[in-house]
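Engineer: Just passing along the structure, written as structure tokens.
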Amino acid sequence: MLMLLKRGGLAAGLAMLATTGAVAQSYPTRPVAITVPFAAGGPTDVVARTIADAMTRAMPGASVIVENVAGAGGTIGITKIARASPDGYSLLIHHIGMSTAPALYRKLQFDPLKDFEYIGLINDVPMTMLVKNGFPPNNLKELVPYLKANAGKVSFANAGIGSASHLCGLMFMSAIEVDLTTVPYKGTAPAMTDLIGGQVDMLCDQTTNTTQQIKGGKVKALAVTSPKRLETLKDLPTMTESGLPGFTVGIWHAMYAPKGTPKPVIDKLVATLQAALKDPAVVRRHSELGAEVVSTDRATPDALQKHLTAEIARWSPIIKKAGVYAD
């Protein structure tokens, strides 16, 4: 009887493996939906749609679409995927906010390190330190002493609590040990509009949102937050070159699936993502935005898991020290 049970268990296990393998081999049989936890038209949406088109080309007969589920700083869309069926048809593309959410939100309905399968990193997006035209400092070396002398008179805009621009601002103020008057907006567009109009003095935001404004002369750019200068903004020095050694901060995007998604399906998605990142249209679009797609060795589950863990450890103390929370 024991032998029969063992044989029965083995047979059941082999049958399950065969079924999983068959599902993965035929996957996908219907459209794959990538959730973007923000409104259409924003930088994460642009990245996701570029990747979705390339993944569609990389999987003959497949269709990869984008669904926007905005609200609550992105947490509504993320929670949706955390609770979605783990079948490979519901995916998530999110940015650095995945690593800041644990410290930023008191009541988070998902755990970035436990509730997802990792597919891989997508890109690195540097940021730029901007001031309004006519603002006295013309470079970072002039800016820091000016801020120390006029801290109470300077306004620092951001796109909302927990946004990339907010995080950059927190890190900058911590680095120079000066508290400025922060002005949160509901998105980058209104913050940039007021910077151009002179209603606020400063803004730090990703190149996907600032490159065209810089090239158009609508704002004054002082430095870029990447480790090296950007090809698209060659004349803009890095923060390190400008007197803040080691100040590097940028946005990154990555792809996730619900926890429990079969490994063969994840493997297929990883291969498809890697193929998409080599697509000339994806590389070109990123270059236009001042961003860079990651290398193949970073577009993997292991690389994403290590990166996310390190980023959570990096941002949590900065956010907690600032005493910033979102409900």
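Each chain of the structure tokens is named A, B, ... in the order shown, its residues numbered from 1; ligands are numbered from 1 in display order.
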Contacts of A:Lys114 at 12 Å or less, counting only C-alpha atoms, minus same-chain residues fewer than 2 places along, as a list in words?

Structural biologist: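 So, after excluding close chain neighbours, the residues are Ala82, Gln109, Phe110, Asp111, Pro112, Phe116, Glu117, Tyr118, Tyr256, Ala257, Pro258, Lys259, Gly260, Gln305, Leu308 and Thr309 of chain A.
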
Engineer: Between stretch 21-61 of chain A and stretch 89-103 of chain A, at 8 Å or less, what are the per-residue closest atom pairs and their distances in Å? Count only C-alpha atoms, order by chain and rising residue number, and return it as a tab-separated table.

Structural biologist:
residue	atom	partner	partner_atom	distance
A:Pro28	CA	A:Tyr89	CA	7.7
A:Arg30	CA	A:Tyr89	CA	7.8
A:Pro31	CA	A:Tyr89	CA	7.0
A:Val32	CA	A:Tyr89	CA	4.4
A:Ala33	CA	A:Ser90	CA	5.2
A:Ile34	CA	A:Leu91	CA	4.6
A:Thr35	CA	A:Leu92	CA	4.8
A:Val36	CA	A:Ile93	CA	5.7
A:Pro37	CA	A:His94	CA	7.0
A:Thr44	CA	A:His94	CA	6.9
A:Ala48	CA	A:Ile93	CA	6.5

Engineer: Just write the chosen residues, C-alpha atoms, as a PDB file, in the first residue's frame.

Structural biologist:
ATOM      1  CA  PRO A  28       0.314  33.074 -24.038  1.00  0.00           C
ATOM      2  CA  ARG A  30      -4.707  35.468 -24.835  1.00  0.00           C
ATOM      3  CA  PRO A  31      -3.555  39.088 -24.393  1.00  0.00           C
ATOM      4  CA  VAL A  32      -1.045  39.769 -21.633  1.00  0.00           C
ATOM      5  CA  ALA A  33      -1.894  42.924 -19.680  1.00  0.00           C
ATOM      6  CA  ILE A  34       0.785  45.108 -18.106  1.00  0.00           C
ATOM      7  CA  THR A  35      -0.601  47.312 -15.335  1.00  0.00           C
ATOM      8  CA  VAL A  36       0.892  50.786 -14.985  1.00  0.00           C
ATOM      9  CA  PRO A  37      -0.087  52.187 -11.568  1.00  0.00           C
ATOM     10  CA  THR A  44       6.149  55.099 -16.566  1.00  0.00           C
ATOM     11  CA  ALA A  48       5.506  50.444 -20.451  1.00  0.00           C
TER      12      ALA A  48
END

Engineer: List as a ChimeraX atom specification the protein and nucleic acid residues near A:Ala72, meaning an atom at most 12 Å away when only C-alpha atoms are counted, but skip any in the same chain fewer than 5 places from it.

Structural biologist: /A:37-39,77-79,97,101,104-105,107-109,160-163,186,326-327

Engineer: I want to know what sits within 7 Å of stretch 265-278 of chain A, based on only C-alpha atoms, with residues of the same chain fewer than 3 positions away left out; could you give that as a list in words?

Structural biologist: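 Returned residues: Ala24, Ile51, Ala54, Met55, Ala58, Met59, Gly88, Ile119, Gly120, Thr261, Pro262, Val282, Val283, Val293, Thr296, Ala299 and Thr300 of chain A.
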
Engineer: What does the file look like for those residues with C-alpha atoms, as a compact mmCIF listing (two decimals), in the first residue's frame?

Structural biologist:
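Result file out18.txt:
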# COMPACT_ATOMS: atom_id res chain seq x y z
CA ALA A 24 4.15 27.35 -20.41
CA ILE A 51 8.17 47.72 -23.84
CA ALA A 54 8.50 45.32 -28.32
CA MET A 55 7.35 42.27 -26.32
CA ALA A 58 9.21 39.29 -29.63
CA MET A 59 6.36 36.79 -29.08
CA GLY A 88 1.27 35.19 -16.47
CA ILE A 119 11.01 39.33 -14.04
CA GLY A 120 13.74 41.94 -14.42
CA THR A 261 3.32 32.46 -11.36
CA PRO A 262 4.82 29.22 -12.75
CA VAL A 282 13.16 50.64 -27.42
CA VAL A 283 16.83 51.68 -27.34
CA VAL A 293 18.04 50.28 -21.06
CA THR A 296 20.84 41.56 -20.21
CA ALA A 299 17.09 42.04 -16.77
CA THR A 300 16.76 38.93 -14.61

Engineer: Which residue is closest to A:Ala291? Choose from A:Asp179, A:Asp124, A:Asp45, A:Asp201 and count only C-alpha atoms.

Structural biologist: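 Ranked by minimum distance to A:Ala291, first place goes to A:Asp124.
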
Engineer: What does the structure give for the distance between atom CA of A:Glu311 and atom CA of A:Arg106, in Å to one decimal?

Structural biologist: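 Straight-line distance from atom CA of A:Glu311 to atom CA of A:Arg106 works out to 18.4 Å.
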
Engineer: For A:Pro184, list every protein, DNA or RNA residue within 9 Å, evaluated using only C-alpha atoms, and leave out those in the same chain fewer than 2 positions away; present the list as a PyMOL selection string.

Structural biologist: chain A and resi 156-161+166+182+186-187+191

Engineer: Write the residues of the preceding selection, restricted to N, CA and C atoms, as a short mmCIF file (atom, residue, chain, number, x, y, z; two decimals), in the first residue's frame.

Structural biologist:
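Result saved to result13.cif:
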data_model
loop_
_atom_site.label_atom_id
_atom_site.label_comp_id
_atom_site.auth_asym_id
_atom_site.auth_seq_id
_atom_site.Cartn_x
_atom_site.Cartn_y
_atom_site.Cartn_z
N PHE A 156 11.09 74.55 -3.14
CA PHE A 156 11.53 73.36 -3.88
C PHE A 156 10.29 72.55 -4.25
N ALA A 157 9.94 72.54 -5.52
CA ALA A 157 8.74 71.85 -5.98
C ALA A 157 8.97 70.34 -6.11
N ASN A 158 7.90 69.59 -6.02
CA ASN A 158 7.96 68.15 -6.34
C ASN A 158 6.61 67.71 -6.87
N ALA A 159 6.59 66.51 -7.45
CA ALA A 159 5.38 66.01 -8.10
C ALA A 159 4.45 65.27 -7.15
N GLY A 160 4.67 65.41 -5.85
CA GLY A 160 3.82 64.76 -4.87
C GLY A 160 4.63 63.89 -3.92
N ILE A 161 4.08 63.61 -2.76
CA ILE A 161 4.77 62.80 -1.75
C ILE A 161 5.10 61.43 -2.31
N HIS A 166 10.29 64.21 -5.35
CA HIS A 166 10.26 64.38 -3.90
C HIS A 166 11.46 63.68 -3.26
N THR A 182 9.28 72.95 0.79
CA THR A 182 8.86 72.04 -0.28
C THR A 182 7.41 72.35 -0.68
N LYS A 186 0.33 67.75 -7.75
CA LYS A 186 -0.28 66.49 -8.17
C LYS A 186 0.26 66.11 -9.54
N GLY A 187 1.54 65.79 -9.58
CA GLY A 187 2.16 65.39 -10.83
C GLY A 187 3.27 66.34 -11.27
N ALA A 191 4.00 71.01 -11.62
CA ALA A 191 5.22 71.48 -10.95
C ALA A 191 6.14 72.15 -11.97
#

Engineer: Could you list, as an mmCIF file with C-alpha atoms, in the first residue's frame, every residue within 12 Å of stretch 233-237 of chain A, counting only C-alpha atoms and ignoring same-chain residues fewer than 3 positions away?

Structural biologist:
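Result went into around28.cif, see below:
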data_model
loop_
_atom_site.group_PDB
_atom_site.id
_atom_site.type_symbol
_atom_site.label_atom_id
_atom_site.label_comp_id
_atom_site.auth_asym_id
_atom_site.auth_seq_id
_atom_site.Cartn_x
_atom_site.Cartn_y
_atom_site.Cartn_z
ATOM 1 C CA PRO A 126 18.902 59.910 -14.348
ATOM 2 C CA MET A 127 17.559 63.109 -12.873
ATOM 3 C CA THR A 128 18.381 66.786 -13.332
ATOM 4 C CA MET A 129 18.640 69.585 -10.796
ATOM 5 C CA LEU A 130 16.721 72.582 -12.164
ATOM 6 C CA ASN A 138 24.249 79.444 -12.280
ATOM 7 C CA ASN A 139 25.813 76.193 -11.097
ATOM 8 C CA LEU A 140 25.763 73.873 -8.112
ATOM 9 C CA LYS A 141 28.846 75.409 -6.521
ATOM 10 C CA THR A 207 15.181 63.353 -17.696
ATOM 11 C CA THR A 210 12.926 67.597 -18.169
ATOM 12 C CA THR A 211 15.102 67.099 -21.261
ATOM 13 C CA GLN A 212 12.848 68.981 -23.680
ATOM 14 C CA GLN A 213 12.342 71.867 -21.238
ATOM 15 C CA ILE A 214 16.113 72.147 -20.741
ATOM 16 C CA LYS A 215 16.862 72.069 -24.459
ATOM 17 C CA LYS A 220 18.013 76.484 -16.029
ATOM 18 C CA ALA A 221 19.702 73.104 -15.493
ATOM 19 C CA LEU A 222 22.560 72.969 -12.989
ATOM 20 C CA ALA A 223 23.570 69.303 -12.836
ATOM 21 C CA VAL A 224 22.628 65.731 -13.625
ATOM 22 C CA THR A 225 22.406 63.064 -10.914
ATOM 23 C CA SER A 226 23.988 60.228 -12.916
ATOM 24 C CA PRO A 227 27.541 58.930 -12.269
ATOM 25 C CA LYS A 228 28.651 60.268 -15.665
ATOM 26 C CA ARG A 229 27.503 62.948 -18.079
ATOM 27 C CA LEU A 230 24.633 62.189 -20.440
ATOM 28 C CA THR A 240 29.879 64.832 -8.189
ATOM 29 C CA GLU A 241 31.720 67.094 -10.620
ATOM 30 C CA SER A 242 29.832 70.030 -9.149
ATOM 31 C CA GLY A 243 30.934 69.489 -5.568
ATOM 32 C CA LEU A 244 28.659 66.792 -4.098
ATOM 33 C CA SER A 287 17.974 57.574 -25.743
ATOM 34 C CA GLU A 288 15.579 60.346 -26.768
ATOM 35 C CA LEU A 289 14.401 60.567 -23.157
ATOM 36 C CA GLY A 290 17.908 60.636 -21.694
ATOM 37 C CA ALA A 291 17.430 57.132 -20.262
#

Engineer: Could you give me the residues within stretch 138-327 of chain A that DSSP places in alpha helix (DSSP H), as a PDB file with C-alpha atoms, in the first residue's frame?

Structural biologist:
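To be explicit, this is the file written out as result_29.pdb:
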ATOM      1  CA  LEU A 140      25.763  73.873  -8.112  1.00  0.00           C
ATOM      2  CA  LYS A 141      28.846  75.409  -6.521  1.00  0.00           C
ATOM      3  CA  GLU A 142      26.995  78.722  -6.385  1.00  0.00           C
ATOM      4  CA  LEU A 143      23.711  77.080  -5.429  1.00  0.00           C
ATOM      5  CA  VAL A 144      24.727  75.439  -2.147  1.00  0.00           C
ATOM      6  CA  PRO A 145      26.023  78.564  -0.371  1.00  0.00           C
ATOM      7  CA  TYR A 146      23.066  80.535  -1.743  1.00  0.00           C
ATOM      8  CA  LEU A 147      20.635  78.035  -0.233  1.00  0.00           C
ATOM      9  CA  LYS A 148      22.403  78.063   3.120  1.00  0.00           C
ATOM     10  CA  ALA A 149      22.041  81.848   3.209  1.00  0.00           C
ATOM     11  CA  ASN A 150      18.457  81.981   1.886  1.00  0.00           C
ATOM     12  CA  ALA A 164      10.835  60.713  -7.833  1.00  0.00           C
ATOM     13  CA  SER A 165      11.222  64.475  -7.577  1.00  0.00           C
ATOM     14  CA  HIS A 166      10.257  64.378  -3.901  1.00  0.00           C
ATOM     15  CA  LEU A 167      12.858  61.687  -3.178  1.00  0.00           C
ATOM     16  CA  CYS A 168      15.568  63.597  -5.014  1.00  0.00           C
ATOM     17  CA  GLY A 169      14.711  66.706  -3.037  1.00  0.00           C
ATOM     18  CA  LEU A 170      14.890  64.857   0.276  1.00  0.00           C
ATOM     19  CA  MET A 171      18.259  63.389  -0.619  1.00  0.00           C
ATOM     20  CA  PHE A 172      19.598  66.754  -1.775  1.00  0.00           C
ATOM     21  CA  MET A 173      18.491  68.596   1.368  1.00  0.00           C
ATOM     22  CA  SER A 174      19.979  65.829   3.503  1.00  0.00           C
ATOM     23  CA  ALA A 175      23.274  66.042   1.582  1.00  0.00           C
ATOM     24  CA  ILE A 176      23.669  69.812   2.000  1.00  0.00           C
ATOM     25  CA  THR A 188       5.221  66.649 -12.667  1.00  0.00           C
ATOM     26  CA  ALA A 189       3.331  68.693 -15.272  1.00  0.00           C
ATOM     27  CA  PRO A 190       1.921  71.330 -12.878  1.00  0.00           C
ATOM     28  CA  ALA A 191       5.222  71.481 -10.954  1.00  0.00           C
ATOM     29  CA  MET A 192       7.132  72.094 -14.181  1.00  0.00           C
ATOM     30  CA  THR A 193       4.571  74.676 -15.317  1.00  0.00           C
ATOM     31  CA  ASP A 194       5.076  76.687 -12.138  1.00  0.00           C
ATOM     32  CA  LEU A 195       8.863  76.387 -12.371  1.00  0.00           C
ATOM     33  CA  ILE A 196       8.754  77.731 -15.923  1.00  0.00           C
ATOM     34  CA  GLY A 197       6.392  80.479 -14.778  1.00  0.00           C
ATOM     35  CA  THR A 207      15.181  63.353 -17.696  1.00  0.00           C
ATOM     36  CA  THR A 208      12.046  61.863 -19.240  1.00  0.00           C
ATOM     37  CA  ASN A 209      10.227  64.933 -17.910  1.00  0.00           C
ATOM     38  CA  THR A 210      12.926  67.597 -18.169  1.00  0.00           C
ATOM     39  CA  THR A 211      15.102  67.099 -21.261  1.00  0.00           C
ATOM     40  CA  GLN A 212      12.848  68.981 -23.680  1.00  0.00           C
ATOM     41  CA  GLN A 213      12.342  71.867 -21.238  1.00  0.00           C
ATOM     42  CA  ILE A 214      16.113  72.147 -20.741  1.00  0.00           C
ATOM     43  CA  LYS A 215      16.862  72.069 -24.459  1.00  0.00           C
ATOM     44  CA  LYS A 263       8.569  29.335 -13.288  1.00  0.00           C
ATOM     45  CA  PRO A 264       8.359  28.205 -16.939  1.00  0.00           C
ATOM     46  CA  VAL A 265       6.075  31.183 -17.611  1.00  0.00           C
ATOM     47  CA  ILE A 266       8.432  33.524 -15.753  1.00  0.00           C
ATOM     48  CA  ASP A 267      11.342  32.138 -17.774  1.00  0.00           C
ATOM     49  CA  LYS A 268       9.484  32.887 -20.991  1.00  0.00           C
ATOM     50  CA  LEU A 269       8.672  36.416 -19.830  1.00  0.00           C
ATOM     51  CA  VAL A 270      12.314  37.011 -18.861  1.00  0.00           C
ATOM     52  CA  ALA A 271      13.483  35.920 -22.308  1.00  0.00           C
ATOM     53  CA  THR A 272      10.847  38.100 -23.960  1.00  0.00           C
ATOM     54  CA  LEU A 273      11.750  41.142 -21.843  1.00  0.00           C
ATOM     55  CA  GLN A 274      15.427  40.694 -22.673  1.00  0.00           C
ATOM     56  CA  ALA A 275      14.584  40.524 -26.375  1.00  0.00           C
ATOM     57  CA  ALA A 276      12.464  43.670 -26.046  1.00  0.00           C
ATOM     58  CA  LEU A 277      15.306  45.585 -24.415  1.00  0.00           C
ATOM     59  CA  PRO A 280      16.119  49.207 -31.747  1.00  0.00           C
ATOM     60  CA  ALA A 281      12.870  51.103 -31.196  1.00  0.00           C
ATOM     61  CA  VAL A 282      13.163  50.643 -27.421  1.00  0.00           C
ATOM     62  CA  VAL A 283      16.826  51.680 -27.343  1.00  0.00           C
ATOM     63  CA  ARG A 284      16.120  54.721 -29.530  1.00  0.00           C
ATOM     64  CA  ARG A 285      13.138  55.878 -27.473  1.00  0.00           C
ATOM     65  CA  HIS A 286      15.100  55.619 -24.243  1.00  0.00           C
ATOM     66  CA  SER A 287      17.974  57.574 -25.743  1.00  0.00           C
ATOM     67  CA  GLU A 288      15.579  60.346 -26.768  1.00  0.00           C
ATOM     68  CA  PRO A 301      14.765  37.911 -11.511  1.00  0.00           C
ATOM     69  CA  ASP A 302      17.873  37.605  -9.320  1.00  0.00           C
ATOM     70  CA  ALA A 303      19.252  40.995 -10.335  1.00  0.00           C
ATOM     71  CA  LEU A 304      15.905  42.681  -9.688  1.00  0.00           C
ATOM     72  CA  GLN A 305      15.492  41.041  -6.296  1.00  0.00           C
ATOM     73  CA  LYS A 306      18.965  42.176  -5.181  1.00  0.00           C
ATOM     74  CA  HIS A 307      18.424  45.684  -6.546  1.00  0.00           C
ATOM     75  CA  LEU A 308      15.006  46.091  -4.915  1.00  0.00           C
ATOM     76  CA  THR A 309      16.295  44.842  -1.552  1.00  0.00           C
ATOM     77  CA  ALA A 310      19.221  47.278  -1.669  1.00  0.00           C
ATOM     78  CA  GLU A 311      16.993  50.200  -2.694  1.00  0.00           C
ATOM     79  CA  ILE A 312      14.560  49.548   0.174  1.00  0.00           C
ATOM     80  CA  ALA A 313      17.509  49.598   2.583  1.00  0.00           C
ATOM     81  CA  ARG A 314      18.794  52.811   0.981  1.00  0.00           C
ATOM     82  CA  TRP A 315      15.589  54.863   1.001  1.00  0.00           C
ATOM     83  CA  SER A 316      13.896  53.753   4.235  1.00  0.00           C
ATOM     84  CA  PRO A 317      16.186  55.701   6.609  1.00  0.00           C
ATOM     85  CA  ILE A 318      16.053  58.832   4.421  1.00  0.00           C
ATOM     86  CA  ILE A 319      12.248  58.818   4.368  1.00  0.00           C
ATOM     87  CA  LYS A 320      11.936  58.015   8.075  1.00  0.00           C
ATOM     88  CA  LYS A 321      14.424  60.743   9.009  1.00  0.00           C
ATOM     89  CA  ALA A 322      12.376  63.259   7.034  1.00  0.00           C
TER      90      ALA A 322
END

Engineer: Using only C-alpha atoms, find the one residue out of A:Asn133, A:Gly250, A:Ala62, A:Ile122 that sits nearest to A:Asp205.

Structural biologist: A:Gly250

Engineer: Which value, in Å to one decimal, gives the distance between atom CA of A:Val294 and atom CA of A:Ala52?

Structural biologist: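 Distance reported for this atom pair: 16.2 Å.
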
Engineer: Could you pull out the strand (DSSP E or B) residues of stretch 195-245 of chain A, going by DSSP on the backbone, and write them as a list in words?

Structural biologist: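 So, restricting stretch 195-245 of chain A to strand (DSSP E or B), we get Met202, Leu203, Cys204, Asp205, Gln206, Lys220, Ala221, Leu222, Ala223, Val224, Leu230, Leu233 and Thr238 of chain A.
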